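Below is the file query_19.pdb, which contains PDB, C-alpha atoms.
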```
ATOM      1  CA  MET A   1     -14.108   2.239  10.016
ATOM      2  CA  SER A   2     -16.897  -0.250  10.580
ATOM      3  CA  ALA A   3     -16.361  -3.949   9.981
ATOM      4  CA  GLY A   4     -18.577  -3.610   6.958
ATOM      5  CA  LYS A   5     -16.110  -1.273   5.291
ATOM      6  CA  TRP A   6     -13.695  -4.172   4.810
ATOM      7  CA  ILE A   7     -16.391  -6.155   3.036
ATOM      8  CA  GLY A   8     -16.844  -3.182   0.723
ATOM      9  CA  GLY A   9     -13.432  -4.029  -0.712
ATOM     10  CA  ILE A  10     -14.825  -7.216  -2.194
ATOM     11  CA  LEU A  11     -16.824  -5.010  -4.528
ATOM     12  CA  GLY A  12     -13.497  -3.827  -5.896
ATOM     13  CA  PHE A  13     -10.956  -5.793  -7.901
ATOM     14  CA  MET A  14     -10.375  -8.437  -5.226
ATOM     15  CA  SER A  15     -13.675 -10.209  -5.823
ATOM     16  CA  GLY A  16     -11.782 -13.104  -7.411
ATOM     17  CA  GLY A  17      -8.293 -14.464  -7.881
ATOM     18  CA  ALA A  18      -5.658 -14.913  -5.174
ATOM     19  CA  LEU A  19      -6.719 -11.779  -3.290
ATOM     20  CA  GLY A  20     -10.314 -12.953  -3.293
ATOM     21  CA  ALA A  21      -9.278 -16.286  -1.797
ATOM     22  CA  LEU A  22      -7.266 -14.562   0.938
ATOM     23  CA  ALA A  23     -10.169 -12.182   1.575
ATOM     24  CA  GLY A  24     -12.444 -15.174   2.168
ATOM     25  CA  VAL A  25     -10.012 -16.469   4.793
ATOM     26  CA  ALA A  26      -8.988 -13.205   6.435
ATOM     27  CA  LEU A  27     -12.310 -11.405   6.527
ATOM     28  CA  GLY A  28     -13.815 -14.390   8.271
ATOM     29  CA  ALA A  29     -11.951 -13.135  11.337
ATOM     30  CA  LEU A  30     -14.322 -10.184  11.457
ATOM     31  CA  PHE A  31     -17.424 -12.315  11.815
ATOM     32  CA  ASP A  32     -16.353 -13.032  15.378
ATOM     33  CA  TYR A  33     -15.882  -9.311  15.861
ATOM     34  CA  GLY A  34     -19.438  -8.403  14.967
ATOM     35  CA  LEU A  35     -19.799  -8.616  11.220
ATOM     36  CA  LYS A  36     -23.443  -9.582  11.638
ATOM     37  CA  ALA A  37     -24.104  -5.936  12.435
ATOM     38  CA  VAL A  38     -22.559  -4.811   9.154
ATOM     39  CA  ASN A  39     -25.773  -3.321   7.826
ATOM     40  CA  ASN A  40     -26.813  -1.755  11.107
ATOM     41  CA  ASP A  41     -24.120   0.919  11.432
ATOM     42  CA  GLY A  42     -26.006   3.675   9.691
ATOM     43  CA  GLU A  43     -23.807   3.544   6.609
ATOM     44  CA  ARG A  44     -26.176   1.890   4.161
ATOM     45  CA  ARG A  45     -27.223   3.979   1.219
ATOM     46  CA  ASP A  46     -30.595   3.756  -0.459
ATOM     47  CA  GLY A  47     -29.930   2.599  -4.006
ATOM     48  CA  GLY A  48     -33.532   1.807  -4.860
ATOM     49  CA  PHE A  49     -36.273   3.463  -6.882
ATOM     50  CA  GLY A  50     -36.484   6.376  -4.450
ATOM     51  CA  GLN A  51     -33.346   7.882  -5.980
ATOM     52  CA  GLY A  52     -33.141   9.915  -9.125
ATOM     53  CA  PHE A  53     -30.822   8.902 -11.951
ATOM     54  CA  GLY A  54     -28.182  11.426 -10.897
ATOM     55  CA  ASP A  55     -28.286  10.187  -7.309
ATOM     56  CA  ARG A  56     -27.922   6.569  -8.415
ATOM     57  CA  GLU A  57     -24.963   7.504 -10.608
ATOM     58  CA  GLU A  58     -23.320   9.288  -7.697
ATOM     59  CA  THR A  59     -23.956   6.299  -5.441
ATOM     60  CA  ARG A  60     -22.407   3.920  -7.984
ATOM     61  CA  ARG A  61     -19.420   6.224  -8.349
ATOM     62  CA  GLN A  62     -18.938   6.362  -4.583
ATOM     63  CA  GLN A  63     -19.246   2.587  -4.323
ATOM     64  CA  TYR A  64     -16.638   2.159  -7.067
ATOM     65  CA  TYR A  65     -14.140   4.439  -5.321
ATOM     66  CA  GLU A  66     -14.877   2.794  -1.980
ATOM     67  CA  GLY A  67     -14.248  -0.612  -3.528
ATOM     68  CA  GLN A  68     -10.926   0.572  -4.990
ATOM     69  CA  ARG A  69      -9.879   2.149  -1.704
ATOM     70  CA  ASN A  70     -10.773  -0.900   0.372
ATOM     71  CA  SER A  71      -9.046  -3.166  -2.135
ATOM     72  CA  PHE A  72      -5.940  -0.991  -1.719
ATOM     73  CA  LEU A  73      -6.121  -1.242   2.070
ATOM     74  CA  PHE A  74      -6.705  -4.981   2.061
ATOM     75  CA  SER A  75      -3.859  -5.437  -0.455
ATOM     76  CA  LEU A  76      -1.645  -3.488   1.938
ATOM     77  CA  LEU A  77      -2.487  -5.859   4.807
ATOM     78  CA  VAL A  78      -1.931  -8.950   2.637
ATOM     79  CA  LEU A  79       1.479  -7.774   1.450
ATOM     80  CA  ALA A  80       2.382  -6.484   4.914
ATOM     81  CA  SER A  81       1.730  -9.964   6.350
ATOM     82  CA  TYR A  82       4.305 -11.318   3.887
ATOM     83  CA  ILE A  83       6.921  -8.572   4.403
ATOM     84  CA  ILE A  84       6.641  -8.616   8.208
ATOM     85  CA  LYS A  85       7.426 -12.357   8.318
ATOM     86  CA  ALA A  86      10.066 -12.263   5.570
ATOM     87  CA  ASP A  87      12.893 -12.428   8.112
ATOM     88  CA  GLY A  88      11.202 -15.252  10.022
ATOM     89  CA  LYS A  89       9.855 -13.219  12.920
ATOM     90  CA  VAL A  90       7.087 -10.760  13.679
ATOM     91  CA  MET A  91       8.548  -7.562  15.146
ATOM     92  CA  HIS A  92       6.445  -5.495  17.538
ATOM     93  CA  SER A  93       7.666  -2.285  15.880
ATOM     94  CA  GLU A  94       6.417  -3.430  12.474
ATOM     95  CA  MET A  95       3.014  -4.432  13.819
ATOM     96  CA  GLU A  96       2.765  -1.167  15.719
ATOM     97  CA  LEU A  97       3.477   0.856  12.571
ATOM     98  CA  VAL A  98       0.542  -0.835  10.838
ATOM     99  CA  ARG A  99      -1.666  -0.257  13.889
ATOM    100  CA  ASN A 100      -0.696   3.406  14.068
ATOM    101  CA  PHE A 101      -1.480   3.851  10.376
ATOM    102  CA  LEU A 102      -4.963   2.422  10.935
ATOM    103  CA  ARG A 103      -5.438   4.343  14.185
ATOM    104  CA  MET A 104      -4.473   7.716  12.730
ATOM    105  CA  ASN A 105      -6.634   7.385   9.659
ATOM    106  CA  PHE A 106      -9.606   5.197  10.635
ATOM    107  CA  GLY A 107      -9.872   5.197  14.415
ATOM    108  CA  GLU A 108      -9.338   2.702  17.200
ATOM    109  CA  ASN A 109     -12.029   0.332  15.921
ATOM    110  CA  ALA A 110     -10.074  -0.203  12.711
ATOM    111  CA  VAL A 111      -6.935  -1.073  14.675
ATOM    112  CA  GLU A 112      -8.621  -4.104  16.208
ATOM    113  CA  GLN A 113     -10.109  -5.165  12.883
ATOM    114  CA  GLY A 114      -6.845  -4.727  10.963
ATOM    115  CA  ASN A 115      -4.961  -6.593  13.674
ATOM    116  CA  ARG A 116      -7.398  -9.520  13.472
ATOM    117  CA  ILE A 117      -7.007  -9.643   9.689
ATOM    118  CA  LEU A 118      -3.190  -9.661   9.969
ATOM    119  CA  LEU A 119      -3.233 -12.441  12.559
ATOM    120  CA  LYS A 120      -5.548 -14.495  10.345
ATOM    121  CA  LEU A 121      -3.163 -13.965   7.405
ATOM    122  CA  PHE A 122      -0.216 -15.061   9.563
ATOM    123  CA  GLU A 123      -2.136 -18.219  10.473
ATOM    124  CA  GLU A 124      -2.915 -18.892   6.819
ATOM    125  CA  GLN A 125       0.714 -18.379   5.864
ATOM    126  CA  LYS A 126       1.850 -20.857   8.524
ATOM    127  CA  ARG A 127      -0.800 -23.400   7.497
ATOM    128  CA  MET A 128       0.103 -23.175   3.803
ATOM    129  CA  GLU A 129       3.849 -23.341   4.393
ATOM    130  CA  GLU A 130       3.510 -26.413   6.609
ATOM    131  CA  ARG A 131       1.574 -28.179   3.867
ATOM    132  CA  ALA A 132       3.735 -27.012   0.955
ATOM    133  CA  PRO A 133       6.807 -24.807   1.490
ATOM    134  CA  GLY A 134       6.782 -21.805  -0.828
ATOM    135  CA  SER A 135       3.030 -21.960  -1.444
ATOM    136  CA  PHE A 136       2.235 -18.702   0.365
ATOM    137  CA  ARG A 137       4.902 -16.912  -1.638
ATOM    138  CA  SER A 138       3.221 -18.174  -4.797
ATOM    139  CA  VAL A 139      -0.123 -16.794  -3.606
ATOM    140  CA  ILE A 140       1.525 -13.447  -2.834
ATOM    141  CA  ARG A 141       3.011 -13.352  -6.332
ATOM    142  CA  GLU A 142      -0.398 -14.085  -7.854
ATOM    143  CA  SER A 143      -1.903 -11.368  -5.660
ATOM    144  CA  CYS A 144       0.725  -8.901  -6.890
ATOM    145  CA  SER A 145      -0.072  -9.769 -10.499
ATOM    146  CA  GLN A 146      -3.748  -9.147  -9.717
ATOM    147  CA  ILE A 147      -2.838  -5.792  -8.165
ATOM    148  CA  ALA A 148      -0.755  -4.876 -11.226
ATOM    149  CA  ALA A 149      -3.685  -5.601 -13.528
ATOM    150  CA  ASN A 150      -6.170  -3.499 -11.546
ATOM    151  CA  MET A 151      -4.273  -0.709  -9.802
ATOM    152  CA  ASP A 152      -2.565   2.142 -11.620
ATOM    153  CA  TYR A 153       1.187   2.602 -11.408
ATOM    154  CA  SER A 154       1.203   5.543  -8.986
ATOM    155  CA  GLN A 155      -1.041   3.656  -6.572
ATOM    156  CA  ARG A 156       1.292   0.647  -6.732
ATOM    157  CA  LEU A 157       4.227   2.930  -5.943
ATOM    158  CA  GLN A 158       2.351   4.234  -2.897
ATOM    159  CA  LEU A 159       1.634   0.672  -1.809
ATOM    160  CA  LEU A 160       5.357  -0.129  -2.074
ATOM    161  CA  ASP A 161       6.203   2.997  -0.065
ATOM    162  CA  PHE A 162       4.022   1.758   2.805
ATOM    163  CA  LEU A 163       5.719  -1.657   2.683
ATOM    164  CA  VAL A 164       9.179  -0.082   2.767
ATOM    165  CA  MET A 165       8.160   1.970   5.823
ATOM    166  CA  ILE A 166       6.926  -1.185   7.564
ATOM    167  CA  SER A 167      10.177  -3.032   6.872
ATOM    168  CA  ARG A 168      12.156  -0.074   8.260
ATOM    169  CA  ALA A 169      10.025   0.193  11.425
ATOM    170  CA  ASP A 170      12.600  -1.562  13.621
ATOM    171  CA  GLY A 171      15.413   0.652  12.325
ATOM    172  CA  PHE A 172      16.992  -2.099  10.266
ATOM    173  CA  MET A 173      16.043  -3.665   6.953
ATOM    174  CA  ALA A 174      17.148  -7.308   6.848
ATOM    175  CA  GLY A 175      18.387  -8.888   3.642
ATOM    176  CA  ASP A 176      15.371 -11.210   3.539
ATOM    177  CA  GLU A 177      13.070  -8.206   3.806
ATOM    178  CA  VAL A 178      14.820  -6.431   0.916
ATOM    179  CA  LYS A 179      14.552  -9.596  -1.159
ATOM    180  CA  ALA A 180      10.841  -9.916  -0.349
ATOM    181  CA  LEU A 181      10.206  -6.250  -1.148
ATOM    182  CA  LYS A 182      11.930  -6.551  -4.519
ATOM    183  CA  ASP A 183      10.016  -9.738  -5.282
ATOM    184  CA  VAL A 184       6.678  -8.082  -4.439
ATOM    185  CA  ALA A 185       7.534  -4.925  -6.386
ATOM    186  CA  TYR A 186       8.674  -6.868  -9.439
ATOM    187  CA  CYS A 187       5.459  -8.924  -9.458
ATOM    188  CA  MET A 188       3.457  -5.693  -9.197
ATOM    189  CA  GLY A 189       5.132  -4.546 -12.412
ATOM    190  CA  ILE A 190       7.276  -1.847 -10.814
ATOM    191  CA  SER A 191      10.484  -1.102 -12.711
ATOM    192  CA  ASP A 192      13.908  -1.893 -11.261
ATOM    193  CA  SER A 193      14.826   1.796 -11.203
ATOM    194  CA  ASP A 194      11.675   2.700  -9.276
ATOM    195  CA  ILE A 195      12.279  -0.154  -6.832
ATOM    196  CA  ASP A 196      15.815   1.090  -6.131
ATOM    197  CA  SER A 197      14.493   4.660  -5.824
ATOM    198  CA  MET A 198      11.904   3.655  -3.214
ATOM    199  CA  LEU A 199      14.421   1.661  -1.187
ATOM    200  CA  LYS A 200      16.733   4.695  -1.010
ATOM    201  CA  LEU A 201      13.976   7.245  -0.425
ATOM    202  CA  HIS A 202      14.533   7.539   3.320
ATOM    203  CA  GLY A 203      18.333   7.802   3.097
ATOM    204  CA  ASP A 204      20.226  10.948   4.066
ATOM    205  CA  SER A 205      23.346  10.841   1.920
ATOM    206  CA  LEU A 206      23.999  12.531  -1.428
ATOM    207  CA  GLU A 207      24.515   9.049  -2.880
ATOM    208  CA  ASP A 208      21.025   8.085  -1.681
ATOM    209  CA  ALA A 209      19.610  11.259  -3.264
ATOM    210  CA  TYR A 210      21.047  10.297  -6.656
ATOM    211  CA  ALA A 211      19.600   6.794  -6.231
ATOM    212  CA  VAL A 212      16.167   8.273  -5.471
ATOM    213  CA  LEU A 213      16.237  10.183  -8.762
ATOM    214  CA  GLY A 214      17.638   7.132 -10.550
ATOM    215  CA  VAL A 215      20.690   8.892 -11.988
ATOM    216  CA  SER A 216      24.418   8.562 -11.415
ATOM    217  CA  PRO A 217      26.570  11.349  -9.937
ATOM    218  CA  ASP A 218      28.103  11.664 -13.418
ATOM    219  CA  ALA A 219      24.758  12.605 -15.009
ATOM    220  CA  SER A 220      24.454  16.026 -16.608
ATOM    221  CA  ASP A 221      22.320  18.764 -15.041
ATOM    222  CA  ASP A 222      19.740  18.310 -17.802
ATOM    223  CA  GLU A 223      19.577  14.564 -17.100
ATOM    224  CA  VAL A 224      19.032  15.271 -13.411
ATOM    225  CA  ARG A 225      16.224  17.716 -14.202
ATOM    226  CA  ARG A 226      14.531  15.251 -16.573
ATOM    227  CA  ALA A 227      14.824  12.442 -14.022
ATOM    228  CA  TYR A 228      13.241  14.593 -11.339
ATOM    229  CA  ARG A 229      10.352  15.676 -13.559
ATOM    230  CA  ALA A 230       9.618  12.065 -14.529
ATOM    231  CA  LEU A 231       9.741  10.946 -10.893
ATOM    232  CA  ALA A 232       7.567  13.821  -9.694
ATOM    233  CA  LEU A 233       4.954  12.981 -12.311
ATOM    234  CA  LYS A 234       4.713   9.361 -11.152
ATOM    235  CA  HIS A 235       4.571  10.228  -7.455
ATOM    236  CA  HIS A 236       2.340  13.305  -7.481
ATOM    237  CA  PRO A 237      -0.195  13.098  -4.613
ATOM    238  CA  ASP A 238      -3.106  13.872  -6.942
ATOM    239  CA  ARG A 239      -2.580  10.477  -8.579
ATOM    240  CA  VAL A 240      -3.749   8.676  -5.426
ATOM    241  CA  ALA A 241      -6.370  11.219  -4.336
ATOM    242  CA  THR A 242      -9.283   8.898  -5.166
ATOM    243  CA  LEU A 243      -8.024   6.440  -2.518
ATOM    244  CA  GLY A 244      -8.782   8.908   0.268
ATOM    245  CA  GLU A 245      -7.343  11.956   1.988
ATOM    246  CA  ASP A 246      -5.253   9.871   4.401
ATOM    247  CA  ILE A 247      -3.428   8.098   1.571
ATOM    248  CA  ARG A 248      -3.023  11.390  -0.262
ATOM    249  CA  ARG A 249      -1.344  12.859   2.842
ATOM    250  CA  ALA A 250       1.063   9.926   2.934
ATOM    251  CA  ALA A 251       1.818  10.542  -0.739
ATOM    252  CA  GLU A 252       2.513  14.201   0.050
ATOM    253  CA  LYS A 253       5.090  13.136   2.641
ATOM    254  CA  LYS A 254       6.750  10.863   0.080
ATOM    255  CA  PHE A 255       6.635  13.656  -2.521
ATOM    256  CA  LYS A 256       8.392  15.986  -0.064
ATOM    257  CA  GLU A 257      11.154  13.406   0.428
ATOM    258  CA  ILE A 258      11.624  13.228  -3.336
ATOM    259  CA  ASN A 259      11.864  17.010  -3.458
ATOM    260  CA  ASP A 260      14.351  16.972  -0.577
ATOM    261  CA  ALA A 261      16.529  14.534  -2.544
ATOM    262  CA  LYS A 262      16.326  16.809  -5.575
ATOM    263  CA  GLU A 263      17.263  19.876  -3.516
ATOM    264  CA  LYS A 264      20.217  18.036  -1.988
ATOM    265  CA  ILE A 265      21.558  17.304  -5.488
ATOM    266  CA  TYR A 266      20.787  20.794  -6.790
ATOM    267  CA  LYS A 267      22.622  22.356  -3.839
ATOM    268  CA  ALA A 268      25.654  20.110  -4.295
ATOM    269  CA  ARG A 269      25.801  21.080  -7.978
ATOM    270  CA  GLY A 270      25.062  24.757  -7.467
ATOM    271  CA  MET A 271      21.981  24.490  -9.651
TER     272      MET A 271
END
```

As structure tokens, how would this structure be written, given the file I've shared?
Amino acid sequence: MSAGKWIGGILGFMSGGALGALAGVALGALFDYGLKAVNNDGERRDGGFGQGFGDREETRRQQYYEGQRNSFLFSLLVLASYIIKADGKVMHSEMELVRNFLRMNFGENAVEQGNRILLKLFEEQKRMEERAPGSFRSVIRESCSQIAANMDYSQRLQLLDFLVMISRADGFMAGDEVKALKDVAYCMGISDSDIDSMLKLHGDSLEDAYAVLGVSPDASDDEVRRAYRALALKHHPDRVATLGEDIRRAAEKKFKEINDAKEKIYKARGM
């Protein structure tokens, strides 16, 4: 991913509001990394009179999806900067999980860029909190409201899944991290039942499996089936396909975990 790809996100829904303000701060870190060469990486598209109407429509469509995708990725980094520091410290394992995500999907160049953005966000969080305790949390809440207004529900669930994985990176989820995750999820308009489901998604017990489906062990077989169908509909990988193949693959992994939880319950019930 070139440095210019991050700027493409500004064409998405983060062109204003709290996310836009954070973008102005964080993306400034990339100027030192070579942002002046943004239009010299061979990725510019000719949108002028040389294109036919169909070509221009396709270009606009691609730019729209690119803006949505980059807004998703930048939103992930913003919220990750909040979750990572929720327990008062920055763990190497959490930072490395974010780096590996960028490395696997966008290459080594993106790792350096994403790392610079995260460090800039950490600096901004420290600066804001020193001036007015709780102010960064307020900005995060406003950012989540902005995300809720511009990102569909399945995409928000995928965003939360990434944040849960980051908080689990060190093998332990601290109480402050759980509180921060629930706060972020609530402000993104995610239901309490879906929040609890996501937090239990990586558990191994039968109790965790019931929590993933959002039903009690006393639920009828029909209630279990209905709960699974509703959950599968919300988390189907096709619902995030426009964000890119890498994010779709992550959604497929999450979808498999949901199916594993369902199979665990079905097996226990002899269904």

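Take the candidates A:His202, A:Gly189, A:Leu27, A:Glu223 and check each one against Asp152 (chain A) using only C-alpha atoms; the shortest distance goes to A:Gly189.
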
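Nearest to Leu119 (chain A) of all the residues A:Ala26, A:Ala180, A:Ala211, A:Ile84 is A:Ala26, based on all atoms listed in the file.
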
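Against this structure, the PyMOL selection byres ((chain A and resi 187) around 8) ends up with A:Arg141, A:Glu142, A:Cys144, A:Ser145, A:Ala148, A:Asp183, A:Val184, A:Ala185, A:Tyr186, A:Met188, A:Gly189, A:Ile190.
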
Could you tell me, as JSON, numbers by chain, exactly which residues end up selected when the PyMOL selection byres ((chain A and resi 217) around 9) is applied to this structure? {"A": [206, 207, 210, 215, 216, 218, 219, 220, 265]}

How would the residues just picked look written out with C-alpha atoms as a short mmCIF file (atom, residue, chain, number, x, y, z; two decimals), keeping the file's coordinate frame?
```
data_model
loop_
_atom_site.label_atom_id
_atom_site.label_comp_id
_atom_site.auth_asym_id
_atom_site.auth_seq_id
_atom_site.Cartn_x
_atom_site.Cartn_y
_atom_site.Cartn_z
CA LEU A 206 24.00 12.53 -1.43
CA GLU A 207 24.52 9.05 -2.88
CA TYR A 210 21.05 10.30 -6.66
CA VAL A 215 20.69 8.89 -11.99
CA SER A 216 24.42 8.56 -11.42
CA ASP A 218 28.10 11.66 -13.42
CA ALA A 219 24.76 12.60 -15.01
CA SER A 220 24.45 16.03 -16.61
CA ILE A 265 21.56 17.30 -5.49
#
```

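Closest to Lys120 (chain A) among A:Gln146, A:Ser81, A:Ser193, A:Ser154 is A:Ser81, based on all atoms listed in the file.
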
Residues matched by the PyMOL selection byres ((chain A and resi 159-167) around 9), written as a PyMOL selection string: chain A and resi 72-73+75-76+79-80+83-84+93-95+97-98+154-158+168-174+177-178+181+184-185+195+198-199+201-202+250-251+254

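Picture a line from CA of Arg249 (chain A) to CA of Leu102 (chain A); it runs 13.7 Å.
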
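Computed from the coordinates, the CA of Ala230 (chain A) to CA of Glu252 (chain A) distance equals 16.4 Å.
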
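Taking CA of Arg225 (chain A) and CA of Arg248 (chain A) as the two end points, the separation is 24.6 Å.
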
Please give the centre and size of the box around region 207-220 of chain A (axis-aligned, containing every atom listed in the file, 4 Å added per side), with values in Å to one decimal and written as AutoDock Vina command-line options.
```
--center_x 22.1 --center_y 11.4 --center_z -9.1 --size_x 19.9 --size_y 17.2 --size_z 22.9
```

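With distances restricted to only C-alpha atoms, A:Asn259 is the closest residue to Tyr228 (chain A) from A:Ser138, A:Asn259, A:Ser205, A:Thr242.
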
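With only C-alpha atoms as the atoms that count, the minimum distance from Phe255 (chain A) to the choices A:Val139, A:Asn150, A:Leu243, A:Arg229 is reached by A:Arg229.
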
Looking at A:Ile247, A:Gly134, A:Ala21, A:Asp176, which one is nearest to Leu121 (chain A), with distances taken over all atoms listed in the file? A:Ala21
